[in-house]
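Novice: This one is work-v6.cif, mmCIF, C-alpha atoms.
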```
data_query
#
loop_
_atom_site.label_atom_id
_atom_site.label_comp_id
_atom_site.auth_asym_id
_atom_site.auth_seq_id
_atom_site.Cartn_x
_atom_site.Cartn_y
_atom_site.Cartn_z
CA MET O 27 7.71 -30.89 8.93
CA ILE O 28 4.86 -28.77 7.66
CA ASP O 29 1.44 -30.42 7.69
CA HIS O 30 -0.09 -29.30 4.40
CA GLU O 31 -3.04 -31.69 4.78
CA GLY O 32 -3.00 -32.72 1.14
CA GLU O 33 -3.11 -29.13 -0.14
CA PRO O 34 -1.29 -28.78 -3.47
CA ILE O 35 -0.35 -25.17 -2.64
CA VAL O 36 1.87 -23.68 0.05
CA TYR O 37 3.13 -20.14 0.50
CA SER O 38 5.98 -18.30 2.20
CA THR O 39 6.07 -14.67 3.20
CA GLU O 40 7.83 -11.98 5.19
CA THR O 41 6.86 -11.31 8.80
CA THR O 42 3.26 -10.58 9.73
CA ASP O 43 4.07 -9.66 13.33
CA ARG O 44 2.09 -6.58 14.41
CA ALA O 45 5.06 -5.51 16.54
CA LYS O 46 7.01 -4.96 13.32
CA LEU O 47 4.58 -2.59 11.62
CA GLY O 48 6.58 -0.24 9.44
CA PHE O 49 9.64 -2.49 9.16
CA THR O 50 11.17 -3.21 5.76
CA HIS O 51 9.11 -5.64 3.61
CA TYR O 52 6.28 -5.82 6.16
CA SER O 53 3.79 -5.08 3.37
CA TYR O 54 4.41 -8.52 1.82
CA GLY O 55 2.64 -9.98 4.85
CA PHE O 56 -0.43 -7.82 4.13
CA VAL O 57 -0.41 -8.91 0.51
CA SER O 58 -0.30 -12.60 1.41
CA HIS O 59 -3.40 -12.21 3.57
CA LYS O 60 -5.23 -10.52 0.69
CA PHE O 61 -4.39 -13.38 -1.67
CA LEU O 62 -5.66 -15.95 0.81
CA ASP O 63 -9.16 -14.49 0.31
CA ALA O 64 -8.98 -15.39 -3.39
CA PHE O 65 -7.55 -18.84 -2.69
CA HIS O 66 -10.33 -19.61 -0.24
CA LEU O 67 -12.92 -18.71 -2.88
CA MET O 68 -11.27 -21.28 -5.13
CA GLY O 69 -11.49 -24.00 -2.49
CA TYR O 70 -7.83 -23.90 -1.46
CA HIS O 71 -6.48 -23.36 2.04
CA PRO O 72 -2.72 -22.98 1.55
CA LYS O 73 -0.44 -23.50 4.55
CA ARG O 74 2.42 -21.16 5.31
CA VAL O 75 5.95 -22.58 5.04
CA GLU O 76 7.88 -20.96 7.86
CA PHE O 77 11.37 -21.90 6.62
CA PRO O 78 11.22 -22.74 2.90
CA ALA O 79 15.02 -23.09 2.76
CA TYR O 80 14.68 -26.24 4.88
CA TYR O 81 12.67 -27.85 2.09
CA GLY O 82 14.68 -26.23 -0.70
CA GLY O 83 16.49 -29.40 -1.76
CA ARG O 84 14.09 -31.88 -0.16
CA GLY O 85 10.80 -30.93 -1.71
CA LEU O 86 7.33 -31.31 -0.20
CA PRO O 87 5.52 -34.51 -1.23
CA GLY O 88 2.13 -33.74 -2.74
CA VAL O 89 2.77 -29.99 -2.99
CA LYS O 90 2.82 -28.71 -6.55
CA ILE O 91 2.80 -24.92 -6.25
CA HIS O 92 4.76 -22.65 -3.93
CA ILE O 93 3.63 -18.98 -3.82
CA ILE O 94 6.39 -16.63 -2.63
CA PHE O 95 5.52 -13.27 -1.04
CA ARG O 96 9.04 -11.99 -0.45
CA SER O 97 11.48 -9.35 -1.61
CA THR O 98 13.96 -10.69 -4.17
CA GLU O 99 16.92 -11.04 -1.81
CA ASN O 100 14.79 -13.29 0.43
CA ILE O 101 13.37 -15.58 -2.26
CA GLN O 102 13.71 -19.26 -1.34
CA THR O 103 12.44 -21.78 -3.87
CA ILE O 104 11.43 -25.40 -3.18
CA VAL O 105 12.64 -28.16 -5.49
CA GLY O 106 9.83 -30.11 -7.12
CA CYS O 107 7.40 -27.21 -6.80
CA TYR O 108 6.28 -24.71 -9.40
CA ASN O 109 7.58 -21.56 -7.68
CA ILE O 110 5.59 -18.36 -8.24
CA CYS O 111 6.98 -15.09 -6.92
CA CYS O 112 4.54 -12.26 -6.11
CA PHE O 113 6.82 -9.30 -6.70
CA ALA O 114 6.20 -5.60 -6.01
CA TRP O 115 8.41 -3.08 -7.84
CA GLU O 116 7.72 0.50 -8.83
CA PHE O 117 10.92 1.81 -10.41
CA GLU O 118 12.04 2.01 -14.03
CA VAL O 119 15.29 0.12 -13.43
CA LEU O 120 16.05 -3.38 -12.13
CA LYS O 121 19.28 -4.88 -10.84
CA THR O 122 20.39 -7.39 -13.46
CA GLU O 123 24.05 -8.06 -12.66
CA GLU O 124 26.54 -8.35 -9.78
CA ARG O 125 29.68 -6.38 -9.21
CA PRO O 126 32.86 -8.09 -7.99
CA PHE O 127 32.53 -9.33 -4.40
CA GLU O 128 28.86 -8.37 -4.31
CA ASN O 129 26.27 -10.65 -2.73
CA PRO O 130 24.65 -12.58 -5.60
CA PHE O 131 21.31 -12.48 -3.77
CA ALA O 132 21.24 -8.73 -4.52
CA ASN O 133 20.81 -9.44 -8.23
CA GLN O 134 17.04 -9.08 -8.62
CA LYS O 135 16.90 -10.62 -12.07
CA ARG O 136 18.92 -13.67 -10.98
CA MET O 137 16.64 -14.26 -8.00
CA LEU O 138 13.44 -13.85 -10.02
CA GLU O 139 14.74 -16.22 -12.68
CA ALA O 140 14.99 -18.91 -9.99
CA CYS O 141 11.17 -18.95 -10.03
CA GLN O 142 9.09 -20.48 -12.78
CA GLU O 143 6.63 -17.59 -12.85
CA ILE O 144 6.27 -14.00 -11.60
CA TRP O 145 3.05 -12.27 -10.54
CA VAL O 146 3.06 -8.48 -10.38
CA ALA O 147 0.36 -6.06 -9.24
CA CYS O 148 0.44 -3.59 -12.13
CA ASP O 149 1.21 -3.22 -15.82
CA TYR O 150 4.07 -0.82 -15.05
CA THR O 151 6.01 -3.50 -13.17
CA LYS O 152 5.23 -6.06 -15.85
CA HIS O 153 6.72 -3.75 -18.50
CA VAL O 154 9.87 -3.08 -16.43
CA LEU O 155 10.50 -6.80 -15.85
CA GLU O 156 9.91 -7.78 -19.45
CA LYS O 157 12.15 -4.96 -20.63
CA SER O 158 14.85 -6.40 -18.35
CA GLY O 159 14.59 -9.79 -20.06
CA LEU O 160 12.36 -11.63 -17.60
CA GLN O 161 9.69 -13.93 -18.98
CA ASN O 162 6.45 -15.47 -17.79
CA VAL O 163 5.36 -12.30 -15.99
CA HIS O 164 1.63 -11.88 -15.31
CA ARG O 165 -0.45 -9.11 -13.74
CA ILE O 166 -2.23 -10.70 -10.78
CA PRO O 167 -2.96 -7.91 -8.25
CA ALA O 168 -3.69 -8.48 -4.59
CA PRO O 169 -7.47 -8.71 -4.15
CA ILE O 170 -9.57 -6.28 -2.13
CA THR O 171 -12.70 -7.60 -0.44
CA PRO O 172 -15.61 -5.16 -0.96
CA PRO O 173 -16.97 -3.76 2.31
CA GLU O 174 -20.40 -4.52 3.67
CA VAL O 175 -23.03 -1.94 2.77
CA ARG O 176 -24.20 0.00 5.80
CA LYS O 177 -27.28 2.18 5.77
CA ASN O 178 -28.61 4.81 8.13
CA VAL O 179 -25.34 5.17 10.06
CA SER O 180 -24.42 8.80 10.60
CA ARG O 181 -20.84 9.97 10.32
CA GLU O 182 -21.08 11.33 13.85
CA ASP O 183 -21.89 7.84 15.14
CA LEU O 184 -19.02 6.43 13.10
CA LEU O 185 -16.64 8.92 14.68
CA LEU O 186 -17.86 8.06 18.19
CA SER O 187 -17.06 4.39 17.55
CA LEU O 188 -13.38 5.37 17.32
CA TRP O 189 -13.23 6.39 20.98
CA LYS O 190 -10.21 4.16 21.61
CA ILE O 191 -7.99 5.86 19.02
CA GLU O 192 -5.56 8.43 20.37
CA SER O 193 -4.23 11.32 18.30
CA VAL O 194 -1.76 14.20 18.26
CA LEU O 195 -1.67 17.38 16.21
CA LEU O 196 1.21 17.88 13.81
CA LYS O 197 3.95 19.83 15.53
CA VAL O 198 7.60 19.23 14.69
CA SER O 199 10.77 21.22 15.12
CA ASN O 200 14.41 20.69 14.24
CA ILE O 201 15.61 23.85 15.93
CA VAL O 202 14.04 23.88 19.42
CA PRO O 203 14.12 21.24 22.16
CA PRO O 204 11.30 18.70 21.82
CA THR O 205 8.28 18.96 24.07
CA ALA O 206 5.83 16.26 25.06
CA ASP O 207 3.05 15.92 22.50
CA HIS O 208 -0.48 16.34 23.79
CA VAL O 209 -2.30 13.06 23.18
CA MET O 210 -6.09 13.22 22.92
CA PRO O 211 -8.79 10.79 21.73
CA LEU O 212 -9.63 11.39 18.08
CA ILE O 213 -13.33 11.85 18.87
CA PHE O 214 -12.51 14.96 20.96
CA ARG O 215 -10.84 16.77 18.06
CA ASP O 216 -13.31 19.54 17.17
CA CYS O 217 -11.48 20.09 13.89
CA VAL O 218 -12.39 16.58 12.73
CA ILE O 219 -16.07 17.21 13.43
CA GLN O 220 -15.89 20.50 11.50
CA ALA O 221 -14.29 18.78 8.52
CA ILE O 222 -16.95 16.04 8.54
CA ASN O 223 -19.72 18.65 8.53
CA ASP O 224 -17.99 20.55 5.70
CA ASN O 225 -17.32 17.35 3.66
CA CYS O 226 -13.58 18.04 3.49
CA LEU O 227 -12.00 15.29 5.60
CA PHE O 228 -8.84 13.91 3.97
CA LEU O 229 -7.13 10.66 4.95
CA THR O 230 -3.75 9.19 4.12
CA ILE O 231 -2.09 6.01 5.38
CA LEU O 232 1.67 5.63 5.14
CA ASN O 233 4.84 4.28 6.64
CA PRO O 234 6.84 7.44 7.44
CA HIS O 235 10.09 5.57 6.73
CA ASP O 236 8.91 4.98 3.16
CA LYS O 237 10.47 7.79 1.17
CA ARG O 238 8.26 7.15 -1.85
CA LYS O 239 5.34 8.80 -0.05
CA ASN O 240 6.54 12.38 -0.66
CA MET O 241 5.31 13.25 2.81
CA GLN O 242 6.92 16.69 3.08
CA GLU O 243 5.31 18.06 -0.09
CA MET O 244 2.00 16.45 0.83
CA ILE O 245 1.95 18.17 4.23
CA PHE O 246 3.09 21.55 2.91
CA GLY O 247 0.57 21.32 0.06
CA PHE O 248 -2.25 20.65 2.51
CA MET O 249 -1.18 23.56 4.70
CA ASN O 250 -1.19 25.84 1.66
CA ALA O 251 -4.72 24.73 0.75
CA LEU O 252 -5.92 25.62 4.26
CA GLN O 253 -5.62 29.29 3.37
CA GLN O 254 -8.69 28.89 1.14
CA ARG O 255 -10.31 25.89 2.85
CA PRO O 256 -9.75 26.49 6.59
CA ASN O 257 -12.22 23.80 7.68
CA ALA O 258 -10.37 20.96 5.93
CA VAL O 259 -8.57 18.33 8.03
CA LEU O 260 -5.95 15.77 7.08
CA ILE O 261 -5.74 12.60 9.17
CA ILE O 262 -2.36 10.91 8.77
CA LYS O 263 -2.46 7.26 9.84
CA LEU O 264 1.13 6.15 10.39
CA VAL O 265 1.97 2.48 9.88
CA LEU O 266 4.20 2.02 12.92
CA ALA O 267 4.33 -0.28 15.92
CA GLU O 268 3.44 1.66 19.06
CA GLN O 269 5.48 -0.82 21.09
CA MET O 270 8.54 0.61 19.32
CA VAL O 271 7.47 4.26 19.03
CA PRO O 272 4.64 5.46 21.31
CA LEU O 273 2.33 8.04 19.76
CA ALA O 274 3.46 10.71 22.22
CA LYS O 275 6.99 10.48 20.81
CA VAL O 276 6.32 9.78 17.14
CA LEU O 277 6.55 13.39 15.97
CA ASP O 278 9.96 14.00 17.48
CA VAL O 279 11.44 10.53 17.11
CA VAL O 280 10.22 9.83 13.57
CA LEU O 281 8.40 12.55 11.64
CA ARG O 282 10.72 15.52 12.12
CA HIS O 283 13.59 13.63 10.51
CA TYR O 284 11.74 13.42 7.19
CA PHE O 285 11.68 17.13 6.49
CA ASP O 286 14.46 18.82 4.53
CA GLY O 287 16.52 21.30 6.50
CA GLU O 288 15.83 22.93 9.83
CA VAL O 289 12.08 23.51 10.08
CA THR O 290 9.41 24.23 12.64
CA ILE O 291 5.86 23.25 11.70
CA ALA O 292 2.66 23.42 13.69
CA CYS O 293 -0.76 22.76 12.20
CA ASP O 294 -3.96 22.23 14.16
CA ARG O 295 -5.73 20.84 11.07
CA ILE O 296 -3.38 17.87 10.58
CA VAL O 297 -4.15 15.03 12.99
CA VAL O 298 -1.71 12.13 13.42
CA ILE O 299 -2.64 8.64 14.62
CA SER O 300 -0.42 5.58 14.79
CA GLY O 301 -0.14 1.96 15.82
CA TYR O 302 -2.25 -1.06 14.95
CA LEU O 303 -5.93 -0.61 14.08
CA ALA O 304 -8.44 -3.43 14.06
CA ASP O 305 -10.12 -4.08 10.72
CA GLU O 306 -13.35 -2.46 11.88
CA GLU O 307 -11.54 0.66 13.09
CA LEU O 308 -9.75 1.03 9.77
CA ALA O 309 -13.02 0.50 7.91
CA THR O 310 -14.61 3.26 9.99
CA LEU O 311 -11.80 5.65 9.07
CA TYR O 312 -12.46 4.95 5.40
CA ARG O 313 -16.19 5.50 5.88
CA LEU O 314 -15.55 8.84 7.57
CA ALA O 315 -13.19 10.20 4.93
CA ASP O 316 -14.29 12.26 1.93
CA PHE O 317 -10.96 12.02 0.12
CA TYR O 318 -7.84 9.86 0.19
CA LEU O 319 -4.65 11.87 -0.33
CA CYS O 320 -1.69 10.24 -2.08
CA ALA O 321 1.36 12.18 -3.30
CA SER O 322 3.59 9.12 -3.83
CA VAL O 323 6.39 9.28 -6.38
CA ALA O 324 6.07 5.53 -7.14
CA GLU O 325 3.82 2.64 -6.09
CA GLY O 326 3.68 -1.10 -6.78
CA GLN O 327 -0.09 -1.35 -6.08
CA ASN O 328 -1.00 1.03 -3.22
CA LEU O 329 -3.40 -1.13 -1.22
CA PRO O 330 -4.61 1.59 1.20
CA LEU O 331 -5.66 3.79 -1.72
CA ILE O 332 -7.59 0.94 -3.36
CA GLU O 333 -9.18 -0.03 -0.05
CA ALA O 334 -10.31 3.57 0.44
CA MET O 335 -11.82 3.58 -3.07
CA SER O 336 -13.80 0.43 -2.22
CA TYR O 337 -15.58 2.50 0.45
CA GLY O 338 -16.34 5.28 -2.02
CA VAL O 339 -13.53 7.58 -0.88
CA ILE O 340 -12.43 9.83 -3.74
CA PRO O 341 -8.68 9.67 -4.52
CA VAL O 342 -6.72 12.91 -4.71
CA SER O 343 -3.64 11.30 -6.09
CA THR O 344 -0.70 11.20 -8.42
CA VAL O 345 -1.48 9.04 -11.47
CA HIS O 346 1.50 6.93 -12.53
CA THR O 347 3.14 3.51 -11.92
CA ALA O 348 0.46 1.28 -10.33
CA MET O 349 -2.15 4.04 -10.03
CA ALA O 350 -2.24 4.40 -13.82
CA ASP O 351 -4.05 1.03 -13.95
CA TYR O 352 -7.10 2.12 -11.99
CA LEU O 353 -7.27 5.90 -11.60
CA THR O 354 -9.28 7.51 -14.38
CA GLU O 355 -10.87 10.87 -15.18
CA ASP O 356 -14.13 9.55 -13.74
CA ASN O 357 -12.93 8.44 -10.30
CA ARG O 358 -10.15 10.72 -9.09
CA ILE O 359 -8.74 14.24 -8.72
CA PRO O 360 -5.25 14.10 -10.27
CA ILE O 361 -2.10 15.61 -8.77
CA VAL O 362 0.23 16.86 -11.51
CA THR O 363 3.68 15.21 -11.59
CA ARG O 364 6.92 15.48 -13.55
CA PRO O 365 10.01 13.21 -13.86
CA PHE O 366 12.54 13.95 -11.15
CA SER O 367 16.02 12.41 -10.74
CA ASN O 368 17.93 11.99 -7.47
CA TYR O 369 14.74 12.47 -5.49
CA ARG O 370 15.88 10.89 -2.21
CA ARG O 371 18.79 8.84 -0.98
CA GLU O 372 18.25 5.26 0.10
CA MET O 373 15.33 4.55 -2.21
CA ALA O 374 14.90 0.86 -3.01
CA ALA O 375 16.04 1.38 -6.62
CA ASP O 376 19.46 2.53 -5.38
CA ILE O 377 20.53 -1.13 -5.24
CA THR O 378 20.52 -1.24 -9.04
CA GLY O 379 23.44 1.19 -9.27
CA ARG O 380 21.69 2.88 -12.19
CA ALA O 381 20.30 6.33 -12.77
CA TYR O 382 16.54 6.56 -12.55
CA SER O 383 13.76 9.08 -12.08
CA VAL O 384 10.44 9.12 -10.25
CA GLU O 385 7.25 11.12 -10.80
CA PHE O 386 7.44 14.05 -8.38
CA SER O 387 4.70 16.46 -7.32
CA SER O 388 5.45 19.70 -5.50
CA GLN O 389 3.50 21.22 -2.64
CA THR O 390 1.92 23.57 -5.18
CA ASP O 391 0.71 20.63 -7.26
CA VAL O 392 -0.74 18.97 -4.14
CA GLY O 393 -2.41 22.15 -2.93
CA ARG O 394 -4.09 22.83 -6.27
CA ALA O 395 -5.49 19.30 -6.41
CA LEU O 396 -6.83 19.60 -2.86
CA LEU O 397 -8.68 22.80 -3.75
CA ARG O 398 -10.20 21.16 -6.84
CA ALA O 399 -11.41 18.32 -4.63
CA CYS O 400 -13.04 20.66 -2.13
CA ALA O 401 -14.78 22.51 -4.98
CA LEU O 402 -16.60 19.42 -6.29
CA THR O 403 -20.37 19.72 -6.42
CA PRO O 404 -22.50 17.17 -4.54
CA ALA O 405 -23.45 15.52 -7.85
CA GLU O 406 -19.79 15.24 -8.89
CA ARG O 407 -18.89 13.74 -5.53
CA LEU O 408 -21.59 11.08 -5.78
CA ARG O 409 -20.54 10.18 -9.31
CA MET O 410 -16.86 9.85 -8.38
CA GLN O 411 -17.67 7.86 -5.25
CA LYS O 412 -19.68 5.36 -7.28
CA ASN O 413 -17.01 5.13 -9.96
CA ALA O 414 -14.32 4.54 -7.34
CA ARG O 415 -16.27 1.64 -5.82
CA ASP O 416 -17.09 0.17 -9.22
CA THR O 417 -13.44 0.32 -10.30
CA VAL O 418 -12.32 -1.74 -7.31
CA THR O 419 -15.07 -4.29 -7.88
CA ARG O 420 -14.14 -4.68 -11.56
CA GLN O 421 -10.39 -4.95 -11.07
CA PHE O 422 -9.65 -6.16 -7.54
CA SER O 423 -12.52 -8.13 -6.03
CA PRO O 424 -11.48 -11.62 -4.83
CA ARG O 425 -13.68 -13.23 -7.49
CA VAL O 426 -12.01 -11.27 -10.28
CA VAL O 427 -8.53 -12.10 -8.98
CA ALA O 428 -9.55 -15.74 -8.42
CA ASP O 429 -10.49 -15.96 -12.11
CA LYS O 430 -7.05 -14.69 -13.08
CA ILE O 431 -5.43 -17.26 -10.78
CA ARG O 432 -7.58 -20.03 -12.25
CA ASP O 433 -6.37 -19.07 -15.71
CA ARG O 434 -2.77 -19.30 -14.58
CA PHE O 435 -3.28 -22.65 -12.82
CA ALA O 436 -4.99 -24.00 -15.94
CA ALA O 437 -1.99 -22.92 -18.04
CA ILE O 438 0.47 -24.37 -15.53
CA THR O 439 -1.21 -27.76 -15.26
CA GLY O 440 -2.54 -27.98 -18.79
CA LYS O 441 -6.01 -28.63 -17.40
CA GLY O 442 -9.23 -26.71 -17.86
CA ARG O 443 -10.37 -24.20 -15.27
CA LYS O 444 -13.00 -26.62 -13.92
CA ASN O 445 -10.21 -28.85 -12.63
CA ASP O 446 -8.10 -26.18 -11.00
CA HIS O 447 -8.67 -27.56 -7.48
CA HIS O 448 -7.16 -30.89 -8.51
CA LEU O 449 -3.63 -29.71 -9.17
#
```
Is it possible to express this structure as structure tokens?
Specialist:
Amino acid sequence: MIDHEGEPIVYSTETTDRAKLGFTHYSYGFVSHKFLDAFHLMGYHPKRVEFPAYYGGRGLPGVKIHIIFRSTENIQTIVGCYNICCFAWEFEVLKTEERPFENPFANQKRMLEACQEIWVACDYTKHVLEKSGLQNVHRIPAPITPPEVRKNVSREDLLLSLWKIESVLLKVSNIVPPTADHVMPLIFRDCVIQAINDNCLFLTILNPHDKRKNMQEMIFGFMNALQQRPNAVLIIKLVLAEQMVPLAKVLDVVLRHYFDGEVTIACDRIVVISGYLADEELATLYRLADFYLCASVAEGQNLPLIEAMSYGVIPVSTVHTAMADYLTEDNRIPIVTRPFSNYRREMAADITGRAYSVEFSSQTDVGRALLRACALTPAERLRMQKNARDTVTRQFSPRVVADKIRDRFAAITGKGRKNDHHL
């Protein structure tokens, strides 16, 4: 039995095992940790329910609210609890029915309706769910804790602190036998130092198996921009478990399979790192970067982009789905997009069996945005950096999210916000 120590709230989530970085639904584990920051501010310390199905028909005495951080097919409610599903979805269609002999758990609407309430991270998802007939949907995004302010720390010193991080240069081929990739500490990459000195260091963080990221066009667009900005560097941080795919093999085993057709690419200005990074190492990467590059065709919240903004990193990004909530003319360089159908096979929305489109940007769109970013004046950079930080504080700080949660708890219990800890 779970020992909830009198807490009125419990939560269940997908795996948070570091060894499964990059696996399907792993991001729900990240989201749950973010929400815990807001709960702690409110005086709650929810316990994780490892197997909620065990308590499904039994209930948990004294527990009143069950927060679910799971994909719809894995939702498990607990009888006697007010079940709240934190749901991420970034497509214009939702699965609302079952075909003959189809697993009923695949029906997203049916699974969400098993919960008393749904929390989503962006207005786009809220609109899609309400349009599909779902009720009691509220925008409660995952919170982002603002970073500590550091003064008088040079970027060179920041780079030196990353001496443990290994890297490889982008080099993939589908037409020649693979060769061993040359692994080198990131701090020894002269190109990174050049980009820091020229204020044109770009960063992106992605799971290469996630086809929403539009990785091919992003890479080609960056390579095109190098013709006019040869000192620019793109650091690609892959969200993968090195126990499964060592860095020396990641280009051949993973990356080359995500390019269309038979291609050979080599670029000494694109640096790839992988594996688990400690919080401080990731924070240092954000502090080093001038720009965060995002060419995604759809996003449910895009936590790495928001985290980068909290450090004053300027987004060079598509502006749609979740990003439309927080990217404005004052805090980002936009990448032009257009609706595009049949973008990739095996996208998550394929389960709906319906036609849908995503917002696609070409390598030309990406390249043009990159050049606009590099052309910013120092005054424009400072203004956008400040606006990026301020946006995150206004919309995503734990205190702001905690206030939204208090409002929901007050509505659920019928009590005022002052009594929210006494559910």
Novice: Residues within 9 Å of Leu252 in chain O, please, as a ChimeraX atom specification. Count all atoms listed in the file; anything in the same chain fewer than 4 positions from it doesn't count.
Specialist: /O:247-248,256-259,295,393,397
Novice: Using all atoms listed in the file, pick whichever of O:Val209, O:Leu264, O:Val198, O:Ala334 has the shortest atom-to-atom distance to Val279 in chain O.
Specialist: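 Among O:Val209, O:Leu264, O:Val198, O:Ala334, it is O:Val198 that comes nearest to Val279 in chain O.
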Novice: Give as a ChimeraX atom specification each residue that has an atom at most 12 Å from (15.0, 19.5, 4.5) in the file, counting all atoms listed in the file.
Specialist: /O:199-200,241-243,281-290,370
Novice: Expand the PyMOL selection byres ((chain O and resi 357) around 7) into the explicit residue set it covers here, and present it as a ChimeraX atom specification.
Specialist: /O:340,353-356,358,410-411,413-414
Novice: Keeping only C-alpha atoms, write the selected residues as a short mmCIF file (atom, residue, chain, number, x, y, z; two decimals), in the coordinates of the input.
Specialist:
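Once everything was written out, this is part25.cif:
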```cif
data_model
loop_
_atom_site.label_atom_id
_atom_site.label_comp_id
_atom_site.auth_asym_id
_atom_site.auth_seq_id
_atom_site.Cartn_x
_atom_site.Cartn_y
_atom_site.Cartn_z
CA ILE O 340 -12.43 9.83 -3.74
CA LEU O 353 -7.27 5.90 -11.60
CA THR O 354 -9.28 7.51 -14.38
CA GLU O 355 -10.87 10.87 -15.18
CA ASP O 356 -14.13 9.55 -13.74
CA ARG O 358 -10.15 10.72 -9.09
CA MET O 410 -16.86 9.85 -8.38
CA GLN O 411 -17.67 7.86 -5.25
CA ASN O 413 -17.01 5.13 -9.96
CA ALA O 414 -14.32 4.54 -7.34
#
```
Novice: Convert the output of the PyMOL selection byres ((chain O and resi 141-144) around 8) on the shown file into explicit residues, formatted as a list in words.
Specialist: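 Applying the PyMOL selection byres ((chain O and resi 141-144) around 8) to the structure shown produces Thr103, Tyr108, Asn109, Ile110, Cys111, Cys112, Phe113, Met137, Leu138, Glu139, Ala140, Trp145, Val146, Gln161, Asn162, Val163 and His164 of chain O.
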Novice: Carefully work through the PyMOL selection byres ((chain O and resi 385-391) around 6) for this structure and note down the residues it includes, as a ChimeraX atom specification.
Specialist: /O:243,246-247,323,361-366,384,392-394
Novice: Write to file, as a PDB file, in the frame of the given file, the residues of the selection just made, with C-alpha atoms.
Specialist:
```pdb
ATOM      1  CA  GLU O 243       5.310  18.060  -0.090  1.00  0.00           C
ATOM      2  CA  PHE O 246       3.090  21.550   2.910  1.00  0.00           C
ATOM      3  CA  GLY O 247       0.570  21.320   0.060  1.00  0.00           C
ATOM      4  CA  VAL O 323       6.390   9.280  -6.380  1.00  0.00           C
ATOM      5  CA  ILE O 361      -2.100  15.610  -8.770  1.00  0.00           C
ATOM      6  CA  VAL O 362       0.230  16.860 -11.510  1.00  0.00           C
ATOM      7  CA  THR O 363       3.680  15.210 -11.590  1.00  0.00           C
ATOM      8  CA  ARG O 364       6.920  15.480 -13.550  1.00  0.00           C
ATOM      9  CA  PRO O 365      10.010  13.210 -13.860  1.00  0.00           C
ATOM     10  CA  PHE O 366      12.540  13.950 -11.150  1.00  0.00           C
ATOM     11  CA  VAL O 384      10.440   9.120 -10.250  1.00  0.00           C
ATOM     12  CA  VAL O 392      -0.740  18.970  -4.140  1.00  0.00           C
ATOM     13  CA  GLY O 393      -2.410  22.150  -2.930  1.00  0.00           C
ATOM     14  CA  ARG O 394      -4.090  22.830  -6.270  1.00  0.00           C
TER      15      ARG O 394
END
```
Novice: With distances taken over all atoms listed in the file, which of O:Gly379, O:Pro167, O:Gly326, O:Pro173 is nearest to Leu308 in chain O?
Specialist: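 Residue with the minimum atom-to-atom distance to Leu308 in chain O: O:Pro173.
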Novice: Have a look at CA of Ser423 in chain O and CA of Met349 in chain O and let me know their distance in Å, one decimal.
Specialist: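 Calculated distance between CA of Ser423 in chain O and CA of Met349 in chain O is 16.5 Å.
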Novice: For each of O:Tyr369, O:Lys152, O:Arg313, O:Leu303, take the minimum atom-to-atom distance to Asn240 in chain O, counting all atoms listed in the file, then give the residue where this is smallest.
Specialist: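 Closest to Asn240 in chain O of all the choices is O:Tyr369.
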